[in-house]
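Data block for start12.cif (mmCIF, C-alpha atoms):
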data_data
loop_
_atom_site.label_atom_id
_atom_site.label_comp_id
_atom_site.auth_asym_id
_atom_site.auth_seq_id
_atom_site.Cartn_x
_atom_site.Cartn_y
_atom_site.Cartn_z
CA MET E 1 -0.51 10.65 -4.68
CA ILE E 2 -0.88 14.43 -4.47
CA ILE E 3 -3.60 15.83 -6.71
CA ARG E 4 -2.94 19.44 -7.70
CA SER E 5 -5.92 20.12 -9.90
CA SER E 6 -9.35 18.55 -10.15
CA GLU E 7 -8.48 17.98 -13.82
CA GLU E 8 -5.94 15.32 -12.83
CA LEU E 9 -7.04 11.73 -13.09
CA PRO E 10 -6.13 9.25 -10.37
CA ARG E 11 -2.86 7.60 -11.36
CA THR E 12 -3.17 4.53 -9.20
CA THR E 13 -6.46 3.08 -8.16
CA LEU E 14 -6.63 0.61 -5.31
CA LEU E 15 -10.39 0.43 -5.38
CA LYS E 16 -12.56 1.34 -8.35
CA ARG E 17 -15.55 1.58 -6.06
CA PHE E 18 -16.37 1.11 -2.40
CA PRO E 19 -16.62 -2.57 -1.42
CA VAL E 20 -20.39 -2.73 -1.12
CA ALA E 21 -22.87 -4.92 -2.97
CA ARG E 22 -24.14 -3.45 -6.24
CA ASP E 23 -27.69 -3.29 -4.93
CA PHE E 24 -26.75 -2.24 -1.39
CA GLY E 25 -29.49 0.09 -0.20
CA VAL E 26 -30.82 0.52 -3.73
CA PRO E 27 -34.62 0.50 -4.14
CA GLU E 28 -35.92 -2.02 -6.65
CA ALA E 29 -36.88 0.60 -9.22
CA SER E 30 -33.30 1.87 -9.31
CA ARG E 31 -31.50 -1.47 -9.63
CA ILE E 32 -29.53 -1.84 -12.79
CA SER E 33 -29.64 -4.94 -14.96
CA ARG E 34 -27.31 -6.00 -17.78
CA GLY E 35 -28.50 -4.51 -21.04
CA ARG E 36 -27.61 -5.49 -24.57
CA THR E 37 -24.35 -5.14 -26.44
CA TRP E 38 -24.22 -3.03 -29.60
CA PRO E 39 -21.29 -4.30 -31.68
CA ALA E 40 -18.91 -1.99 -33.55
CA PRO E 41 -19.19 -1.70 -37.34
CA PRO E 42 -17.40 -4.64 -39.02
CA ASP E 43 -14.69 -2.41 -40.54
CA ALA E 44 -13.77 -0.76 -37.23
CA VAL E 45 -10.14 -1.13 -36.15
CA ARG E 46 -9.70 0.83 -32.92
CA ILE E 47 -12.64 -0.04 -30.70
CA LYS E 48 -13.55 1.04 -27.15
CA SER E 49 -16.48 -0.43 -25.25
CA PHE E 50 -18.57 2.10 -23.38
CA GLN E 51 -20.93 0.87 -20.68
CA VAL E 52 -23.78 3.33 -20.69
CA TYR E 53 -26.67 3.67 -18.24
CA ARG E 54 -30.04 3.39 -19.98
CA TYR E 55 -33.48 4.06 -18.62
CA ASP E 56 -36.63 4.36 -20.68
CA PRO E 57 -39.55 5.93 -18.81
CA ASP E 58 -42.00 4.99 -21.61
CA PRO E 59 -41.10 1.56 -22.92
CA SER E 60 -42.97 0.63 -26.11
CA ASP E 61 -44.28 -2.59 -24.57
CA GLY E 62 -45.78 -0.62 -21.68
CA LEU E 63 -44.21 -3.00 -19.18
CA ALA E 64 -42.25 -2.02 -16.11
CA SER E 65 -39.00 -0.40 -17.03
CA THR E 66 -35.91 -0.51 -14.86
CA PRO E 67 -32.44 0.85 -15.61
CA ARG E 68 -29.94 -1.25 -17.52
CA LEU E 69 -26.31 -0.97 -18.55
CA ASP E 70 -25.81 -1.24 -22.32
CA THR E 71 -22.44 -1.85 -23.90
CA PHE E 72 -21.61 0.19 -27.00
CA GLU E 73 -18.55 -0.60 -29.06
CA VAL E 74 -17.35 2.70 -30.46
CA ASP E 75 -15.17 3.05 -33.56
CA LEU E 76 -12.55 5.50 -32.30
CA ASP E 77 -11.29 6.27 -35.83
CA ASP E 78 -14.73 7.54 -36.79
CA CYS E 79 -15.32 9.58 -33.65
CA GLY E 80 -14.11 12.84 -32.10
CA PRO E 81 -11.73 12.92 -29.12
CA MET E 82 -14.11 13.65 -26.24
CA ALA E 83 -16.47 11.46 -24.24
CA LEU E 84 -19.31 13.61 -25.57
CA ASP E 85 -18.20 12.81 -29.13
CA ALA E 86 -18.43 9.11 -28.34
CA LEU E 87 -21.96 9.52 -26.97
CA LEU E 88 -23.03 11.53 -30.01
CA TRP E 89 -21.38 8.94 -32.29
CA ILE E 90 -23.52 6.30 -30.59
CA LYS E 91 -26.63 8.45 -30.95
CA ASN E 92 -25.96 9.22 -34.64
CA LYS E 93 -24.71 5.84 -35.80
CA VAL E 94 -25.95 3.14 -33.44
CA ASP E 95 -28.95 3.93 -31.29
CA SER E 96 -30.76 7.20 -31.89
CA THR E 97 -32.84 6.74 -28.74
CA LEU E 98 -29.81 7.38 -26.50
CA THR E 99 -30.80 10.54 -24.66
CA LEU E 100 -28.46 13.12 -23.15
CA ARG E 101 -28.16 16.85 -22.56
CA ARG E 102 -25.48 18.82 -24.32
CA SER E 103 -25.18 22.32 -25.64
CA CYS E 104 -21.90 24.24 -25.79
CA ARG E 105 -19.47 21.29 -26.15
CA GLU E 106 -16.73 23.41 -24.53
CA GLY E 107 -17.26 23.23 -20.79
CA VAL E 108 -19.24 26.45 -20.44
CA CYS E 109 -22.88 25.41 -20.16
CA GLY E 110 -22.68 22.49 -17.73
CA SER E 111 -25.35 20.44 -19.52
CA CYS E 112 -23.35 17.27 -20.10
CA ALA E 113 -22.25 16.69 -16.50
CA MET E 114 -22.25 12.95 -15.80
CA THR E 115 -20.49 10.27 -13.79
CA MET E 116 -17.76 8.77 -15.94
CA ASP E 117 -15.51 6.03 -14.55
CA GLY E 118 -16.93 6.81 -11.14
CA THR E 119 -16.16 10.51 -11.03
CA ASN E 120 -18.15 13.52 -12.12
CA TRP E 121 -17.04 15.68 -15.01
CA LEU E 122 -18.37 17.25 -18.18
CA ALA E 123 -18.49 14.79 -21.07
CA CYS E 124 -17.36 17.54 -23.47
CA THR E 125 -14.09 18.21 -21.65
CA ARG E 126 -13.15 14.63 -20.79
CA PHE E 127 -10.87 12.97 -23.36
CA ILE E 128 -11.85 9.45 -24.39
CA SER E 129 -8.15 8.57 -24.08
CA ASP E 130 -8.31 9.58 -20.39
CA LEU E 131 -11.14 7.15 -19.72
CA SER E 132 -10.49 3.57 -18.65
CA ALA E 133 -10.31 0.64 -21.09
CA SER E 134 -14.04 0.01 -20.76
CA PRO E 135 -15.49 3.18 -19.29
CA THR E 136 -18.78 3.36 -17.42
CA ILE E 137 -21.07 6.31 -18.02
CA TYR E 138 -23.92 7.09 -15.64
CA PRO E 139 -26.15 10.11 -15.25
CA LEU E 140 -25.05 12.34 -12.35
CA ALA E 141 -24.63 10.04 -9.34
CA SER E 142 -27.50 10.02 -6.87
CA PHE E 143 -29.77 12.24 -8.99
CA PRO E 144 -33.19 11.01 -10.14
CA VAL E 145 -33.17 10.00 -13.80
CA ILE E 146 -35.61 11.27 -16.41
CA LYS E 147 -34.24 9.22 -19.29
CA ASP E 148 -30.85 7.60 -19.98
CA LEU E 149 -28.20 10.21 -19.11
CA VAL E 150 -30.66 13.04 -18.47
CA SER E 151 -30.84 13.59 -14.72
CA ASP E 152 -33.66 15.42 -13.00
CA THR E 153 -32.19 18.62 -11.55
CA THR E 154 -35.54 19.98 -10.31
CA HIS E 155 -34.62 19.48 -6.66
CA ALA E 156 -31.12 20.92 -7.12
CA PHE E 157 -32.51 24.09 -8.71
CA ALA E 158 -35.22 24.34 -6.04
CA GLN E 159 -32.40 24.29 -3.48
CA TYR E 160 -30.66 27.00 -5.50
CA ALA E 161 -33.80 29.14 -5.22
CA VAL E 162 -33.68 28.73 -1.42
CA ILE E 163 -30.55 30.87 -1.16
CA GLN E 164 -32.18 33.66 -3.22
CA PRO E 165 -29.36 34.10 -5.71
CA TRP E 166 -29.82 37.73 -6.58
CA LEU E 167 -28.53 41.08 -5.35
CA LYS E 168 -30.44 42.45 -2.37
CA THR E 169 -29.91 46.08 -1.51
CA ARG E 170 -31.41 48.55 0.91
CA THR E 171 -30.19 51.69 -0.78
CA ALA E 172 -31.94 53.50 -3.61
CA PRO E 173 -30.93 52.36 -7.10
CA PRO E 174 -28.01 54.41 -8.40
CA VAL E 175 -28.23 56.47 -11.59
CA ARG E 176 -25.88 54.07 -13.31
CA GLU E 177 -24.44 50.76 -12.02
CA ARG E 178 -23.50 49.84 -8.44
CA LEU E 179 -19.74 50.27 -8.25
CA GLN E 180 -17.28 47.89 -6.66
CA SER E 181 -13.56 48.27 -5.99
CA HIS E 182 -11.14 45.97 -7.75
CA GLU E 183 -10.39 44.32 -4.40
CA ALA E 184 -14.07 43.76 -3.58
CA ARG E 185 -14.61 42.37 -7.06
CA ALA E 186 -11.68 39.98 -6.59
CA GLU E 187 -13.50 38.47 -3.59
CA LEU E 188 -15.87 36.85 -6.06
CA ASP E 189 -13.12 35.15 -8.05
CA GLY E 190 -13.42 31.40 -7.90
CA TYR E 191 -17.12 31.65 -7.10
CA TYR E 192 -18.82 33.60 -9.87
CA GLU E 193 -17.47 31.12 -12.46
CA CYS E 194 -19.75 28.31 -11.28
CA ILE E 195 -21.84 26.93 -14.14
CA LEU E 196 -24.29 24.98 -11.96
CA CYS E 197 -23.50 21.63 -13.54
CA PHE E 198 -23.97 19.99 -10.08
CA CYS E 199 -20.94 17.71 -10.49
CA CYS E 200 -19.94 18.61 -6.91
CA THR E 201 -23.38 18.14 -5.37
CA SER E 202 -23.71 14.77 -7.11
CA GLY E 203 -20.30 13.70 -5.77
CA CYS E 204 -21.02 14.71 -2.16
CA PRO E 205 -21.77 11.76 0.17
CA SER E 206 -23.50 14.11 2.63
CA HIS E 207 -25.86 15.12 -0.14
CA TRP E 208 -26.43 11.45 -1.03
CA TRP E 209 -27.72 10.73 2.47
CA ASN E 210 -29.34 14.07 3.34
CA GLY E 211 -29.99 15.70 -0.03
CA ASP E 212 -33.57 16.45 0.90
CA ARG E 213 -32.46 19.02 3.50
CA PHE E 214 -28.73 19.62 3.00
CA LEU E 215 -28.26 22.22 0.27
CA GLY E 216 -25.11 20.67 -1.17
CA PRO E 217 -21.83 22.21 -2.34
CA ALA E 218 -23.01 23.86 -5.58
CA VAL E 219 -25.79 25.80 -3.88
CA LEU E 220 -23.65 26.69 -0.84
CA LEU E 221 -20.89 27.98 -3.13
CA GLN E 222 -23.52 30.23 -4.68
CA ALA E 223 -24.66 31.27 -1.21
CA TRP E 224 -21.10 32.38 -0.46
CA ARG E 225 -20.90 34.19 -3.79
CA TRP E 226 -23.68 36.50 -2.56
CA LEU E 227 -22.41 36.72 1.03
CA ALA E 228 -19.02 37.81 -0.33
CA ASP E 229 -20.47 40.47 -2.62
CA SER E 230 -19.68 43.97 -1.35
CA ARG E 231 -22.81 45.35 -3.03
CA ASP E 232 -25.18 43.00 -1.19
CA ASP E 233 -26.89 44.27 1.98
CA ALA E 234 -28.67 41.09 3.08
CA ARG E 235 -25.82 39.31 4.87
CA ASP E 236 -27.71 38.71 8.12
CA GLU E 237 -30.84 37.59 6.36
CA ARG E 238 -28.82 35.17 4.22
CA LEU E 239 -26.96 33.77 7.24
CA ASP E 240 -30.24 33.35 9.15
CA ALA E 241 -31.58 31.24 6.29
CA LEU E 242 -28.49 29.00 6.41
CA GLU E 243 -28.32 28.62 10.21
CA ASP E 244 -29.77 25.14 10.28
CA PRO E 245 -28.44 21.71 11.28
CA PHE E 246 -29.01 20.44 7.76
CA ARG E 247 -28.92 23.22 5.18
CA LEU E 248 -25.34 24.23 5.95
CA TYR E 249 -23.98 22.06 8.73
CA ARG E 250 -24.44 18.67 7.03
CA CYS E 251 -21.22 19.57 5.26
CA HIS E 252 -18.58 17.44 6.96
CA THR E 253 -15.72 18.76 4.83
CA ILE E 254 -15.36 15.53 2.88
CA LEU E 255 -14.19 17.64 -0.08
CA ASN E 256 -15.23 15.33 -2.91
CA CYS E 257 -16.70 18.59 -4.28
CA THR E 258 -13.36 20.35 -4.68
CA ARG E 259 -11.84 17.16 -6.11
CA THR E 260 -14.42 16.90 -8.88
CA CYS E 261 -15.25 20.49 -9.95
CA PRO E 262 -14.81 20.67 -13.76
CA LYS E 263 -14.27 24.44 -13.47
CA GLN E 264 -11.62 23.91 -10.78
CA LEU E 265 -13.52 25.93 -8.22
CA ASN E 266 -13.50 25.26 -4.50
CA PRO E 267 -16.96 24.65 -3.00
CA GLY E 268 -15.37 23.18 0.14
CA LYS E 269 -13.57 26.44 0.82
CA ALA E 270 -16.70 28.48 0.14
CA ILE E 271 -18.62 26.46 2.73
CA ALA E 272 -15.80 26.89 5.27
CA GLU E 273 -15.99 30.65 4.65
CA ILE E 274 -19.72 30.60 5.40
CA LYS E 275 -19.18 28.61 8.62
CA LYS E 276 -16.47 31.09 9.67
CA MET E 277 -18.69 34.08 8.92
CA MET E 278 -21.43 32.43 10.97
CA MET E 279 -18.99 32.06 13.91
CA GLU E 280 -17.80 35.66 13.64
CA ARG E 281 -21.38 36.91 13.62
CA HIS E 282 -21.92 35.28 16.99
CA GLY E 283 -18.75 37.01 18.21
CA MET S 284 -39.87 5.22 -3.54
CA GLY S 285 -43.17 3.63 -4.47
CA ASP S 286 -41.70 0.77 -6.42
CA LYS S 287 -44.97 -1.10 -6.80
CA ASN S 288 -46.50 1.53 -9.03
CA LEU S 289 -43.73 1.24 -11.53
CA GLY S 290 -45.41 -1.36 -13.71
CA ALA S 291 -48.74 0.43 -13.93
CA ALA S 292 -49.24 2.90 -16.74
CA ALA S 293 -48.95 6.41 -15.36
CA LYS S 294 -52.30 8.15 -15.11
CA PRO S 295 -52.56 11.68 -16.46
CA GLY S 296 -51.01 14.15 -14.06
CA GLN S 297 -49.41 11.36 -12.08
CA HIS S 298 -45.66 10.99 -12.07
CA ARG S 299 -44.14 7.59 -12.45
CA PRO S 300 -41.47 7.25 -9.78
CA ARG S 301 -38.09 7.91 -11.27
CA PRO S 302 -35.11 5.68 -10.62
CA ARG S 303 -32.12 7.21 -8.90
CA SER S 304 -28.66 7.03 -10.40
CA PRO S 305 -26.37 4.94 -8.16
CA ASN S 306 -24.00 6.82 -5.83
CA MET S 307 -21.84 4.89 -3.37
CA GLN S 308 -22.14 1.78 -5.54
CA ILE S 309 -20.25 3.41 -8.42
CA TYR S 310 -18.44 6.49 -7.11
CA ARG S 311 -14.67 6.13 -7.00
CA PRO S 312 -13.10 6.08 -3.53
CA GLN S 313 -10.73 9.05 -3.21
CA LEU S 314 -8.45 10.17 -0.40
CA THR S 315 -11.04 12.83 0.43
CA SER S 316 -13.95 10.45 0.96
CA VAL S 317 -11.89 7.55 2.33
CA LEU S 318 -10.37 9.67 5.12
CA SER S 319 -13.82 10.98 5.97
CA VAL S 320 -15.11 7.42 6.33
CA VAL S 321 -12.00 6.49 8.32
CA ASN S 322 -12.59 9.41 10.70
CA ARG S 323 -16.08 8.12 11.36
CA ILE S 324 -15.02 4.51 11.83
CA THR S 325 -12.14 5.41 14.16
CA GLY S 326 -14.62 7.50 16.18
CA VAL S 327 -16.82 4.43 16.59
CA ILE S 328 -13.81 2.27 17.53
CA LEU S 329 -12.74 4.82 20.15
CA SER S 330 -16.25 4.87 21.64
CA ALA S 331 -16.08 1.09 21.98
CA GLY S 332 -12.54 1.44 23.37
CA ALA S 333 -13.81 3.89 25.98
CA VAL S 334 -16.22 1.21 27.25
CA VAL S 335 -13.32 -1.25 27.52
CA LEU S 336 -11.35 1.38 29.41
CA VAL S 337 -14.20 1.78 31.89
CA VAL S 338 -14.40 -2.02 32.33
CA TRP S 339 -10.65 -2.02 33.03
CA LEU S 340 -10.98 0.78 35.61
CA VAL S 341 -13.91 -0.91 37.31
CA ALA S 342 -11.89 -4.14 37.46
CA ALA S 343 -8.96 -2.26 38.95
CA ALA S 344 -11.26 -0.76 41.58
CA SER S 345 -12.88 -4.10 42.37
CA GLY S 346 -9.75 -5.76 43.64
CA PRO S 347 -6.72 -7.79 42.60
CA GLN S 348 -8.64 -10.84 41.34
CA ALA S 349 -10.83 -8.98 38.87
CA TYR S 350 -7.83 -6.89 37.82
CA ALA S 351 -5.77 -10.01 37.13
CA VAL S 352 -8.53 -11.35 34.85
CA ILE S 353 -8.64 -8.20 32.72
CA GLN S 354 -4.84 -7.95 32.67
CA ASP S 355 -4.68 -11.51 31.32
CA ALA S 356 -7.26 -10.67 28.67
CA MET S 357 -5.29 -7.57 27.65
CA ALA S 358 -2.05 -9.55 27.50
CA SER S 359 -3.52 -12.21 25.17
CA TRP S 360 -2.76 -11.76 21.49
CA ILE S 361 -6.36 -10.72 20.78
CA GLY S 362 -6.13 -8.12 23.52
CA GLN S 363 -2.82 -6.86 22.15
CA VAL S 364 -4.15 -6.61 18.58
CA MET S 365 -7.18 -4.72 19.88
CA LEU S 366 -4.99 -2.35 21.85
CA LEU S 367 -2.79 -1.76 18.81
CA ALA S 368 -5.87 -1.09 16.66
CA CYS S 369 -7.19 1.31 19.31
CA THR S 370 -3.88 3.16 19.43
CA PHE S 371 -3.83 3.56 15.66
CA ALA S 372 -7.49 4.59 15.63
CA PHE S 373 -6.76 7.13 18.36
CA PHE S 374 -3.93 8.77 16.43
CA LEU S 375 -5.84 8.71 13.13
CA HIS S 376 -8.82 10.35 14.78
CA LEU S 377 -6.60 12.86 16.58
CA CYS S 378 -4.65 13.87 13.46
CA GLY S 379 -7.83 13.91 11.38
CA GLY S 380 -9.42 16.13 14.02
CA ILE S 381 -6.51 18.57 13.89
CA ARG S 382 -6.85 18.65 10.09
CA HIS S 383 -10.50 19.57 10.52
CA LEU S 384 -9.62 22.28 13.06
CA VAL S 385 -7.25 23.86 10.54
CA TRP S 386 -9.97 23.72 7.88
CA ASP S 387 -12.34 25.51 10.27
CA THR S 388 -9.99 28.50 10.07
CA VAL S 389 -10.34 28.38 6.25
CA HIS S 390 -6.77 27.26 5.65
CA GLY S 391 -5.43 24.39 3.57
CA PHE S 392 -8.23 24.20 1.01
CA GLU S 393 -6.08 24.17 -2.11
CA LEU S 394 -6.46 20.74 -3.65
CA HIS S 395 -2.76 19.92 -3.24
CA ALA S 396 -2.96 20.96 0.43
CA ILE S 397 -6.03 18.76 0.93
CA TYR S 398 -4.11 15.78 -0.44
CA ALA S 399 -0.85 16.62 1.33
CA SER S 400 -2.55 17.02 4.73
CA GLY S 401 -4.48 13.80 4.11
CA TRP S 402 -1.32 11.79 3.53
CA TRP S 403 0.33 13.55 6.49
CA VAL S 404 -2.51 12.34 8.71
CA VAL S 405 -1.92 8.75 7.57
CA ALA S 406 1.87 8.97 7.93
CA ALA S 407 1.78 10.76 11.29
CA SER S 408 -0.68 8.21 12.71
CA LEU S 409 1.58 5.34 11.66
CA VAL S 410 4.66 7.00 13.14
CA LEU S 411 2.91 7.97 16.41
CA THR S 412 1.53 4.44 16.81
CA ALA S 413 5.02 3.00 16.24
CA LEU S 414 6.48 5.48 18.73
CA ALA S 415 3.84 4.69 21.35
CA TRP S 416 4.38 0.94 21.09
CA GLY S 417 8.12 1.30 20.73
CA GLY S 418 8.21 3.47 23.84
CA ARG S 419 6.11 0.94 25.71
CA ALA S 420 8.46 -1.89 24.75
CA TRP S 421 11.48 0.22 25.71
CA LEU S 422 9.99 1.13 29.10
CA GLY S 423 8.92 -2.45 29.68
CA SER S 424 12.37 -3.92 29.05
#
Please lay out the structure from this file as structure tokens.
Amino acid sequence: MIIRSSEELPRTTLLKRFPVARDFGVPEASRISRGRTWPAPPDAVRIKSFQVYRYDPDPSDGLASTPRLDTFEVDLDDCGPMALDALLWIKNKVDSTLTLRRSCREGVCGSCAMTMDGTNWLACTRFISDLSASPTIYPLASFPVIKDLVSDTTHAFAQYAVIQPWLKTRTAPPVRERLQSHEARAELDGYYECILCFCCTSGCPSHWWNGDRFLGPAVLLQAWRWLADSRDDARDERLDALEDPFRLYRCHTILNCTRTCPKQLNPGKAIAEIKKMMMERHG
Amino acid sequence: MGDKNLGAAAKPGQHRPRPRSPNMQIYRPQLTSVLSVVNRITGVILSAGAVVLVVWLVAAASGPQAYAVIQDAMASWIGQVMLLACTFAFFLHLCGGIRHLVWDTVHGFELHAIYASGWWVVAASLVLTALAWGGRAWLGS
């Protein structure tokens, strides 16, 4: 009932998904059809069926391509413990065309963020044993898809550029580095660790409906990271850029972001801090 | 999205429209998102309830006959169920609103606090609704 860390999985699930039709509000090009089933090797004993989102932008027959959901039977005795291991097992042993991003395989790079069993997490830090009996794996919810599990983060990174994520100072550069007290440095804890995997932004209903103008939790957490930095002199300028009905204020404190962050950060709190700072500025 | 272009081979320099990964259709309902939806829905119910309240006041001002009609409607089982639903919606929206006020002061953002306050909102709304209707029955008897 009470979730203490975003790492915790839901223990009881009344609803696996909201009671809406599968194609509710989904444009034709994004509708998902049943794909094929790839059976496990005949000698496999422990088998888990993964339902994986597939989309091929350049089908060999040149015909229209729409997304489909393929079922892969994975031999768990031949495969590592993480969801990423299962995907790489599929890619190495079953279908080499399965496309995904991965790099560090230890939750540091944020490349393998995806929607597994309806929640966002990094495939490399999610145990297969923690997934459901027949897990579903989608590219980051609500993001455009380049191919299979590779989502198009162009827009998300363009929004990141909007907040100008770099130190802005008015004073002359010091001889050595710009110093910060231990206390001022501690203000950045819980914010500087963000790896920009966009799990939170992809899980935010406000960003689903208004993602074109609402910056989303990941970018707003970064905005706070610079607002909270004692070395930064551009507070007013940064707040001016955020003072907008959409950019900041489309956040309705739903807090799916804080629930899903694979680094256990708190984008919801960061956004509340920005709103409070905005209020205090007006006096 | 320009769905119709999807079948045509992409010309050089022209992007084929990309599909979008599903969101609401697959994302797991959580206390966080469900209570947000509930806050919206109860807001809508209360707006509708406010119209009913105005109708009731107008009827009361129009004279005993009109007032008797609306009182009968309210006393019917449909009227009673609607009133009960409105009471529950009122308390859910009120408690949810207080939760949001606390958040605006940047308190209660630890994940366990988010969940605890969420369940408190549900429990408090149930108790307050029971108290309101219990008190009404007690006063009426």
Neighbours of Gly332 of chain S within 12 Å (only C-alpha atoms; same-chain residues fewer than 3 positions away dropped), as a PyMOL selection string?
chain S and resi 325-329+335-339+362+365-373
Need to verify the contact set: segment 43-49 of chain E, 7 Å, only C-alpha atoms, exclusion of same-chain residues closer than 6 positions in sequence. Can you return it as a PDB file with C-alpha atoms, in the coordinates of the input?
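The resulting file, around10.pdb, is reproduced below:
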ATOM      1  CA  THR E  71     -22.440  -1.850 -23.900  1.00  0.00           C
ATOM      2  CA  PHE E  72     -21.610   0.190 -27.000  1.00  0.00           C
ATOM      3  CA  GLU E  73     -18.550  -0.600 -29.060  1.00  0.00           C
ATOM      4  CA  VAL E  74     -17.350   2.700 -30.460  1.00  0.00           C
ATOM      5  CA  ASP E  75     -15.170   3.050 -33.560  1.00  0.00           C
ATOM      6  CA  LEU E  76     -12.550   5.500 -32.300  1.00  0.00           C
ATOM      7  CA  ASP E  77     -11.290   6.270 -35.830  1.00  0.00           C
ATOM      8  CA  ALA E 133     -10.310   0.640 -21.090  1.00  0.00           C
ATOM      9  CA  SER E 134     -14.040   0.010 -20.760  1.00  0.00           C
TER      10      SER E 134
END
Provide as a ChimeraX atom specification the residues of chain E at most 6 Å from chain S, counting only C-alpha atoms.
/E:2-4,16-17,22,29-30,63-64,118,141-145,254-256,269,272
I'd like the neighbourhood of Arg247 of chain E as a PyMOL selection string, where a residue qualifies if any of its atoms comes within 6 Å (using all atoms listed in the file), though same-chain residues fewer than 3 positions away should be ignored.
chain E and resi 213-215+242+244
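Note that the spacing between atom CA of Gly380 of chain S and atom CA of Thr412 of chain S amounts to 16.3 Å.
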Using all atoms listed in the file, which of E:Thr97, E:Ser230, E:Thr119, E:Thr258 sits nearest Gln180 of chain E?
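Of the candidates, the smallest distance to Gln180 of chain E is held by E:Ser230.
The gap separating atom CA of Arg419 of chain S from atom CA of Ala351 of chain S is 19.8 Å, in Å to one decimal.
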Quick one: segment 364-375 of chain S with N, CA and C atoms, as a PDB file, in the coordinates of the input?
ATOM      1  N   VAL S 364      -3.758  -7.105  19.910  1.00  0.00           N
ATOM      2  CA  VAL S 364      -4.150  -6.610  18.580  1.00  0.00           C
ATOM      3  C   VAL S 364      -5.197  -5.508  18.730  1.00  0.00           C
ATOM      4  N   MET S 365      -6.143  -5.735  19.671  1.00  0.00           N
ATOM      5  CA  MET S 365      -7.180  -4.720  19.880  1.00  0.00           C
ATOM      6  C   MET S 365      -6.583  -3.416  20.402  1.00  0.00           C
ATOM      7  N   LEU S 366      -5.635  -3.546  21.316  1.00  0.00           N
ATOM      8  CA  LEU S 366      -4.990  -2.350  21.850  1.00  0.00           C
ATOM      9  C   LEU S 366      -4.228  -1.592  20.767  1.00  0.00           C
ATOM     10  N   LEU S 367      -3.535  -2.381  19.907  1.00  0.00           N
ATOM     11  CA  LEU S 367      -2.790  -1.760  18.810  1.00  0.00           C
ATOM     12  C   LEU S 367      -3.757  -1.027  17.872  1.00  0.00           C
ATOM     13  N   ALA S 368      -4.862  -1.703  17.547  1.00  0.00           N
ATOM     14  CA  ALA S 368      -5.870  -1.090  16.660  1.00  0.00           C
ATOM     15  C   ALA S 368      -6.412   0.186  17.294  1.00  0.00           C
ATOM     16  N   CYS S 369      -6.657   0.128  18.605  1.00  0.00           N
ATOM     17  CA  CYS S 369      -7.190   1.310  19.310  1.00  0.00           C
ATOM     18  C   CYS S 369      -6.173   2.450  19.290  1.00  0.00           C
ATOM     19  N   THR S 370      -4.914   2.114  19.457  1.00  0.00           N
ATOM     20  CA  THR S 370      -3.880   3.160  19.430  1.00  0.00           C
ATOM     21  C   THR S 370      -3.850   3.832  18.069  1.00  0.00           C
ATOM     22  N   PHE S 371      -3.857   3.008  17.017  1.00  0.00           N
ATOM     23  CA  PHE S 371      -3.830   3.560  15.660  1.00  0.00           C
ATOM     24  C   PHE S 371      -5.088   4.392  15.388  1.00  0.00           C
ATOM     25  N   ALA S 372      -6.234   3.862  15.818  1.00  0.00           N
ATOM     26  CA  ALA S 372      -7.490   4.590  15.630  1.00  0.00           C
ATOM     27  C   ALA S 372      -7.438   5.925  16.368  1.00  0.00           C
ATOM     28  N   PHE S 373      -6.858   5.906  17.568  1.00  0.00           N
ATOM     29  CA  PHE S 373      -6.760   7.130  18.360  1.00  0.00           C
ATOM     30  C   PHE S 373      -5.944   8.198  17.622  1.00  0.00           C
ATOM     31  N   PHE S 374      -4.783   7.778  17.099  1.00  0.00           N
ATOM     32  CA  PHE S 374      -3.930   8.770  16.430  1.00  0.00           C
ATOM     33  C   PHE S 374      -4.528   9.231  15.099  1.00  0.00           C
ATOM     34  N   LEU S 375      -5.175   8.301  14.376  1.00  0.00           N
ATOM     35  CA  LEU S 375      -5.840   8.710  13.130  1.00  0.00           C
ATOM     36  C   LEU S 375      -6.925   9.741  13.412  1.00  0.00           C
TER      37      LEU S 375
END
